[in-house]
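With mmCIF, C-alpha atoms inside, this is entry.cif:
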data_start
#
loop_
_atom_site.label_atom_id
_atom_site.label_comp_id
_atom_site.auth_asym_id
_atom_site.auth_seq_id
_atom_site.Cartn_x
_atom_site.Cartn_y
_atom_site.Cartn_z
CA ASP A 1402 -43.64 -30.59 -16.35
CA ASP A 1403 -45.17 -33.42 -14.29
CA PHE A 1404 -45.37 -31.45 -11.05
CA ASP A 1405 -45.13 -27.95 -9.61
CA LEU A 1406 -42.58 -26.79 -7.09
CA ILE A 1407 -42.42 -24.28 -4.30
CA LEU A 1408 -38.95 -22.75 -3.93
CA PHE A 1409 -37.65 -21.12 -0.78
CA MET A 1410 -34.39 -20.20 0.96
CA SER A 1411 -33.46 -21.68 4.32
CA ASP A 1412 -30.40 -22.18 6.50
CA ARG A 1413 -31.77 -25.43 7.99
CA ALA A 1414 -30.56 -28.82 6.82
CA PHE A 1415 -31.34 -32.41 7.75
CA LEU A 1416 -28.53 -34.03 9.73
CA SER A 1417 -28.23 -37.46 8.16
CA GLY A 1418 -28.46 -40.39 10.59
CA SER A 1419 -29.55 -38.26 13.55
CA THR A 1420 -32.89 -38.37 15.33
CA ASP A 1421 -34.30 -36.79 18.44
CA GLY A 1422 -33.92 -39.27 21.29
CA ALA A 1423 -37.19 -38.23 22.91
CA THR A 1424 -39.51 -37.99 19.91
CA GLY A 1425 -37.64 -39.95 17.26
CA ASP A 1426 -38.04 -37.05 14.81
CA GLU A 1427 -35.34 -36.13 12.35
CA VAL A 1428 -32.85 -33.51 13.48
CA TRP A 1429 -32.57 -30.29 11.46
CA THR A 1430 -29.63 -28.01 12.20
CA ALA A 1431 -28.55 -24.53 11.15
CA GLY A 1432 -26.13 -24.37 8.23
CA SER A 1433 -25.55 -22.29 5.13
CA MET A 1434 -28.33 -20.41 3.36
CA ASP A 1435 -29.38 -22.63 0.46
CA LEU A 1436 -32.16 -23.03 -2.06
CA TRP A 1437 -34.79 -25.68 -1.30
CA ALA A 1438 -37.71 -27.10 -3.24
CA ALA A 1439 -40.87 -29.02 -2.34
CA ARG A 1440 -43.43 -30.62 -4.62
CA LEU A 1441 -46.98 -29.35 -4.95
CA PRO A 1442 -49.87 -29.90 -4.47
CA VAL A 1443 -50.06 -30.57 -0.78
CA LYS A 1444 -51.11 -33.90 0.60
CA ALA A 1445 -54.53 -34.56 2.06
CA SER A 1446 -53.09 -33.95 5.51
CA GLY A 1447 -52.26 -30.40 4.49
CA LEU A 1448 -48.49 -31.00 4.61
CA ILE A 1449 -46.16 -30.75 1.65
CA ASP A 1450 -43.53 -33.36 0.77
CA THR A 1451 -40.20 -33.28 2.58
CA PRO A 1452 -38.19 -30.38 1.11
CA ILE A 1453 -35.23 -31.14 -1.14
CA ARG A 1454 -32.05 -29.08 -0.97
CA LEU A 1455 -31.01 -27.93 -4.42
CA THR A 1456 -27.76 -26.20 -3.48
CA SER A 1457 -24.98 -26.54 -0.93
CA VAL A 1458 -23.00 -23.36 -1.34
CA SER A 1459 -20.98 -23.35 1.89
CA CYS A 1460 -18.37 -25.84 0.67
CA GLU A 1461 -18.31 -24.72 -2.93
CA HIS A 1462 -17.98 -20.98 -2.32
CA ASN A 1463 -15.75 -20.55 0.74
CA GLY A 1464 -18.61 -20.21 3.19
CA LEU A 1465 -20.62 -17.65 1.21
CA ASP A 1466 -24.37 -18.00 1.57
CA LEU A 1467 -26.95 -17.83 -1.16
CA SER A 1468 -28.14 -14.22 -1.17
CA GLU A 1469 -31.09 -14.37 -3.54
CA TYR A 1470 -32.50 -16.18 -6.54
CA SER A 1471 -34.81 -15.55 -9.47
CA VAL A 1472 -36.80 -17.94 -11.68
CA ASP A 1473 -37.07 -17.51 -15.44
CA PRO A 1474 -40.80 -18.07 -16.12
CA ILE A 1475 -40.15 -19.06 -19.74
CA SER A 1476 -37.26 -21.53 -19.50
CA GLY A 1477 -37.80 -22.59 -15.88
CA ALA A 1478 -34.13 -21.97 -15.08
CA ILE A 1479 -32.96 -20.37 -11.85
CA ILE A 1480 -30.42 -17.57 -11.41
CA LEU A 1481 -28.58 -17.72 -8.08
CA ARG A 1482 -26.61 -14.85 -6.55
CA ILE A 1483 -23.76 -16.11 -4.38
CA GLY A 1484 -21.52 -13.33 -3.16
CA ALA A 1485 -20.96 -11.02 -6.13
CA ASP A 1486 -21.40 -13.77 -8.76
CA LEU A 1487 -24.45 -15.04 -10.61
CA HIS A 1488 -24.91 -18.77 -11.24
CA TYR A 1489 -27.27 -20.43 -13.70
CA MET A 1490 -29.15 -23.66 -12.97
CA THR A 1491 -31.12 -25.20 -15.83
CA LYS A 1492 -34.58 -26.71 -15.54
CA GLU A 1493 -33.18 -30.14 -16.43
CA THR A 1494 -30.66 -29.96 -13.61
CA ILE A 1495 -33.40 -29.11 -11.13
CA ALA A 1496 -35.54 -32.01 -12.35
CA THR A 1497 -32.60 -34.41 -12.04
CA LYS A 1498 -31.88 -33.31 -8.48
CA ILE A 1499 -35.51 -33.78 -7.46
CA SER A 1500 -35.90 -37.17 -9.13
CA ASN A 1501 -32.73 -38.45 -7.45
CA ALA A 1502 -33.74 -37.19 -4.01
CA ASN A 1503 -35.58 -39.68 -1.83
CA GLY A 1504 -35.50 -40.60 1.84
CA GLU A 1505 -31.97 -40.35 3.15
CA LYS A 1506 -30.76 -38.74 -0.11
CA ARG A 1507 -33.00 -35.70 -0.05
CA ASN A 1508 -30.08 -33.46 1.00
CA LEU A 1509 -27.96 -34.88 -1.84
CA ASP A 1510 -24.23 -35.38 -1.63
CA SER A 1511 -22.37 -32.12 -0.99
CA THR A 1512 -19.81 -32.94 -3.67
CA ASN A 1513 -22.32 -32.81 -6.51
CA THR A 1514 -25.05 -30.55 -5.13
CA ILE A 1515 -23.80 -27.55 -7.04
CA LEU A 1516 -23.05 -29.70 -10.11
CA GLY A 1517 -24.91 -28.44 -13.18
CA THR A 1518 -24.73 -24.75 -12.31
CA GLN A 1519 -22.76 -22.36 -14.45
CA GLN A 1520 -21.21 -19.11 -13.32
CA LEU A 1521 -22.36 -16.39 -15.69
CA PRO A 1522 -19.38 -14.60 -17.29
CA ILE A 1523 -20.50 -11.05 -16.55
CA ALA A 1524 -17.91 -8.28 -16.87
CA VAL A 1525 -18.73 -4.72 -15.85
CA TYR A 1526 -16.72 -2.07 -17.65
CA SER A 1527 -16.82 1.26 -15.86
CA ASP A 1528 -14.58 3.87 -14.34
CA PHE A 1529 -16.30 3.16 -10.96
CA SER A 1530 -16.28 6.79 -9.93
CA ASN A 1531 -17.78 5.91 -6.55
CA MET A 1532 -14.64 3.85 -5.74
CA GLN A 1533 -12.09 6.43 -6.82
CA GLU A 1534 -10.05 8.41 -4.36
CA ARG A 1535 -11.58 11.76 -3.57
CA LEU A 1536 -9.64 14.86 -2.66
CA ILE A 1537 -11.57 16.69 0.04
CA PRO A 1538 -10.20 20.19 0.62
CA LEU A 1539 -9.05 20.80 4.16
CA SER A 1540 -11.22 23.20 6.09
CA VAL A 1541 -9.40 24.60 9.11
CA ALA A 1542 -12.64 25.75 10.70
CA ASN A 1543 -14.30 22.32 10.45
CA HIS A 1544 -11.41 19.81 10.53
CA LEU A 1545 -8.83 21.30 12.90
CA SER A 1546 -8.47 19.23 16.09
CA THR A 1547 -5.23 20.51 17.74
CA ILE A 1548 -2.80 23.35 17.17
CA ASP A 1549 0.61 24.27 18.65
CA ALA A 1550 3.28 26.85 17.80
CA TYR A 1551 7.08 26.84 17.92
CA ALA A 1552 10.08 28.89 16.79
CA THR A 1553 12.02 27.65 13.77
CA SER A 1554 15.76 27.84 13.25
CA TYR A 1555 15.15 30.62 10.71
CA GLY A 1556 13.77 32.98 13.32
CA THR A 1557 10.15 32.54 12.25
CA ILE A 1558 7.13 31.02 13.95
CA SER A 1559 5.40 27.91 12.64
CA THR A 1560 2.34 26.00 13.82
CA LEU A 1561 1.60 22.30 14.17
CA LEU A 1562 -1.87 21.62 12.80
CA THR A 1563 -3.63 18.29 13.32
CA ALA A 1564 -6.67 17.75 11.14
CA ARG A 1565 -8.40 14.66 9.71
CA GLY A 1566 -5.82 12.31 11.21
CA GLN A 1567 -2.83 14.14 9.73
CA THR A 1568 -0.34 16.69 11.06
CA PHE A 1569 0.95 19.62 9.03
CA VAL A 1570 3.30 22.55 9.57
CA ALA A 1571 2.09 25.96 8.50
CA PRO A 1572 3.95 29.27 8.92
CA VAL A 1573 2.65 32.13 11.00
CA ILE A 1574 2.69 35.22 8.82
CA PRO A 1575 1.35 38.72 9.32
CA ASP A 1576 -1.74 39.89 7.56
CA THR A 1577 -0.87 40.29 3.89
CA LYS A 1578 -2.77 43.57 3.84
CA ASN A 1579 -0.10 45.08 6.08
CA ILE A 1580 2.87 43.77 4.07
CA PRO A 1581 4.24 46.28 1.56
CA GLN A 1582 4.13 44.89 -1.95
CA SER A 1583 7.49 44.57 -3.69
CA PRO A 1584 8.26 43.77 -7.33
CA TYR A 1585 9.42 40.35 -8.42
CA GLY A 1586 13.07 39.97 -7.48
CA GLY A 1587 14.04 37.00 -9.63
CA GLY A 1588 14.35 33.26 -8.98
CA GLY A 1589 14.29 32.28 -5.32
CA ARG A 1590 12.92 35.62 -4.21
CA ASN A 1591 9.46 36.62 -3.05
CA MET A 1592 8.82 32.96 -2.28
CA PRO A 1593 5.81 32.25 -0.04
CA ALA A 1594 6.38 30.56 3.31
CA ARG A 1595 6.42 26.79 2.99
CA ARG A 1596 3.67 24.47 4.18
CA TYR A 1597 4.30 20.70 4.44
CA LYS A 1598 3.03 17.49 5.97
CA VAL A 1599 4.70 16.01 9.05
CA ALA A 1600 2.82 12.70 9.38
CA PRO A 1601 1.72 10.27 8.15
CA GLY A 1602 3.49 9.69 4.86
CA SER A 1603 1.81 8.46 1.69
CA GLY A 1604 3.12 4.88 1.97
CA GLY A 1605 1.09 3.79 4.99
CA GLY A 1606 -2.16 3.30 3.15
CA GLY A 1607 -4.13 5.19 5.80
CA ILE A 1608 -3.34 2.77 8.64
CA VAL A 1609 -1.97 5.58 10.85
CA ARG A 1610 -4.21 8.29 12.24
CA ILE A 1611 -2.73 11.23 14.14
CA LEU A 1612 -4.82 12.21 17.17
CA THR A 1613 -2.76 15.10 18.51
CA ALA A 1614 0.70 16.65 18.16
CA LYS A 1615 2.58 18.94 20.54
CA HIS A 1616 5.92 20.67 20.00
CA ILE A 1617 8.84 19.57 22.21
CA PRO A 1618 10.98 22.58 23.22
CA ASN A 1619 14.66 22.14 22.46
CA PRO A 1620 16.42 21.71 25.86
CA LEU A 1621 19.88 22.35 24.45
CA LYS A 1622 21.25 25.83 25.00
CA SER A 1623 24.07 26.41 22.56
CA SER A 1624 25.14 28.95 19.99
CA GLN A 1625 24.83 26.37 17.20
CA ASP A 1626 21.28 25.33 16.39
CA SER A 1627 21.08 22.09 14.40
CA GLY A 1628 17.76 23.20 12.96
CA GLU A 1629 15.94 20.04 14.01
CA ARG A 1630 12.58 20.39 15.68
CA HIS A 1631 10.55 17.59 17.26
CA ALA A 1632 6.99 16.93 18.34
CA LEU A 1633 5.28 14.40 20.59
CA VAL A 1634 2.60 12.66 18.53
CA LEU A 1635 -0.28 10.50 19.74
CA ALA A 1636 -1.29 8.19 16.89
CA THR A 1637 -2.69 4.76 16.12
CA ASP A 1638 -0.03 2.06 16.22
CA PRO A 1639 0.53 0.71 12.67
CA LEU A 1640 1.93 -2.55 14.09
CA SER A 1641 -1.07 -3.21 16.32
CA PRO A 1642 -3.87 -5.44 14.96
CA THR A 1643 -6.42 -3.47 16.99
CA ALA A 1644 -5.15 0.06 16.17
CA GLU A 1645 -4.01 0.75 19.72
CA HIS A 1646 -2.70 4.22 20.56
CA ALA A 1647 0.98 5.00 21.07
CA PHE A 1648 3.21 8.04 21.54
CA TYR A 1649 5.95 8.87 19.04
CA ILE A 1650 8.61 11.55 18.73
CA VAL A 1651 8.88 12.79 15.16
CA ARG A 1652 10.83 15.53 13.45
CA THR A 1653 8.86 18.55 12.33
CA ASP A 1654 11.54 20.67 10.62
CA ALA A 1655 11.38 21.24 6.89
CA MET A 1656 14.40 18.99 6.21
CA ALA A 1657 12.73 15.87 7.64
CA SER A 1658 10.72 13.33 5.65
CA PRO A 1659 7.10 12.61 6.66
CA ALA A 1660 6.89 10.06 9.47
CA PHE A 1661 5.16 6.65 9.18
CA GLY A 1662 6.02 6.01 5.56
#

Encoded form (structure tokens):
Amino acid sequence: DDFDLILFMSDRAFLSGSTDGATGDEVWTAGSMDLWAARLPVKASGLIDTPIRLTSVSCEHNGLDLSEYSVDPISGAIILRIGADLHYMTKETIATKISNANGEKRNLDSTNTILGTQQLPIAVYSDFSNMQERLIPLSVANHLSTIDAYATSYGTISTLLTARGQTFVAPVIPDTKNIPQSPYGGGGRNMPARRYKVAPGSGGGGIVRILTAKHIPNPLKSSQDSGERHALVLATDPLSPTAEHAFYIVRTDAMASPAFG
């Protein structure tokens, strides 16, 4: 009530005990973004008093800077936004900080700079629809990146489809318009050709992205076909911290589990 203040945010702070060797001026260095205050009115020289730092958020909030603040014009309190939290500083706390700040103490001790603020207990109850997983239908025309075909052990032809970082197997079937329609023949009959995912599995959390997949022809010539089919896959390495690319050989037959989890 005895004086007015100008509030501002700055990442500059006075380095206690340090002066410029050439000019003898105090040294100000870059630090965390904090809230500062200076008394008004200005002096006759046109300069305001030395600013006083009201907060020191870098040590108290794991290096998070002060993002913004707002002043309550009725109570004189200040609301501070640090990260995703709101903190409340009363008018009395501000007055105490300013009255205690003088000369070498204008930056205040970092252990009690944030003292007197209260984190507001705000809880947001919502279904957060913008953060929920979305199921985007696959569009072969827009999302298909590579395609390859191979013969299955059942005498049919299947294709390897790579789209949106995933590889699938889809059967090659004739146009349904040319297939004669037959009545339902009971359980296990008239079943449509199977489509399934080859890689990655659902346990990887999206850390593997398939770039391309090509079928590896079976070099073995024997009367007994094991039924296994393989593909050479170029994908991001799940064990690499920088998502480097690597080649993998994965099974593509219907009896195999999806690769990469």

Self-check item: Contacts of Met1410 in chain A within 7 Å, all atoms listed in the file, excl. fewer than 3 positions in-chain, as an MDAnalysis selection string
Solution: chainID A and resid 1434:1437

Quiz item: Quick one: residues within 10 Å of Thr1553 in chain A, only C-alpha atoms counted, chain neighbours fewer than 3 positions away excluded, as a PyMOL selection string?
Solution: chain A and resi 1550+1556-1560+1572+1626+1628-1630+1653-1655

Could the residues in this selection be saved with C-alpha atoms as a compact mmCIF listing (two decimals), in the frame of the given file?
# COMPACT_ATOMS: atom_id res chain seq x y z
CA ALA A 1550 3.28 26.85 17.80
CA GLY A 1556 13.77 32.98 13.32
CA THR A 1557 10.15 32.54 12.25
CA ILE A 1558 7.13 31.02 13.95
CA SER A 1559 5.40 27.91 12.64
CA THR A 1560 2.34 26.00 13.82
CA PRO A 1572 3.95 29.27 8.92
CA ASP A 1626 21.28 25.33 16.39
CA GLY A 1628 17.76 23.20 12.96
CA GLU A 1629 15.94 20.04 14.01
CA ARG A 1630 12.58 20.39 15.68
CA THR A 1653 8.86 18.55 12.33
CA ASP A 1654 11.54 20.67 10.62
CA ALA A 1655 11.38 21.24 6.89

Self-check item: Resolved residues for the PyMOL selection byres ((chain A and resi 1565) around 9) as a list in words
Solution: Leu1539, His1544, Leu1545, Ser1546, Thr1563, Ala1564, Gly1566, Gln1567, Thr1568, Arg1610, Ile1611 and Leu1612 of chain A

Exercise. Run through the PyMOL selection byres ((chain A and resi 1523-1529) around 12) on the given coordinates and return the selected residues as a list in words.
Key: Ala1485, Asp1486, Leu1487, His1488, Tyr1489, Gln1519, Gln1520, Leu1521, Pro1522, Ser1530, Asn1531, Met1532, Gln1533 and Glu1534 of chain A

Exercise. Quote the spacing between CA of Ser1476 in chain A and CA of Ile1499 in chain A in Å to one decimal place.
Key: 17.3 Å

Quiz prompt | Given the PyMOL selection byres ((chain A and resi 1637-1639) around 7), the residues it picks as a PyMOL selection string | solution = chain A and resi 1608-1611+1636+1640-1641+1644-1647

Exercise. Might you pull out every residue within 9 Å of Ile1480 in chain A, with all atoms listed in the file counted and same-chain residues fewer than 2 positions away left off, and present them as a list in words?
Key: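 Returned residues: Glu1469, Tyr1470, Ser1471, Val1472, Asp1473, Ala1478, Arg1482, Leu1487, His1488, Tyr1489, Met1490 and Thr1491 of chain A.
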
Quiz item: Is there a way to get, as a list in words, all residues within 10 Å of the point (-28.5, -24.9, 10.4) in file coordinates, counting all atoms listed in the file?
Solution: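 It turns out the residues near that spot are Ser1411, Asp1412, Arg1413, Ala1414, Phe1415, Leu1416, Trp1429, Thr1430, Ala1431, Gly1432, Ser1433 and Met1434 of chain A.
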
Output of the above residues as a compact mmCIF listing (two decimals), in the frame of the given file, restricted to C-alpha atoms:
# COMPACT_ATOMS: atom_id res chain seq x y z
CA SER A 1411 -33.46 -21.68 4.32
CA ASP A 1412 -30.40 -22.18 6.50
CA ARG A 1413 -31.77 -25.43 7.99
CA ALA A 1414 -30.56 -28.82 6.82
CA PHE A 1415 -31.34 -32.41 7.75
CA LEU A 1416 -28.53 -34.03 9.73
CA TRP A 1429 -32.57 -30.29 11.46
CA THR A 1430 -29.63 -28.01 12.20
CA ALA A 1431 -28.55 -24.53 11.15
CA GLY A 1432 -26.13 -24.37 8.23
CA SER A 1433 -25.55 -22.29 5.13
CA MET A 1434 -28.33 -20.41 3.36

Quiz item: CA of Ser1500 in chain A to CA of Leu1408 in chain A: how many Å, to one decimal?
Solution: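 Pair CA of Ser1500 in chain A / CA of Leu1408 in chain A returns 15.6 Å.
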
Quiz prompt | Between CA of Asn1619 in chain A and CA of Tyr1649 in chain A, distance in Å (one decimal) | solution =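 Value for the CA of Asn1619 in chain A-CA of Tyr1649 in chain A distance: 16.2 Å.
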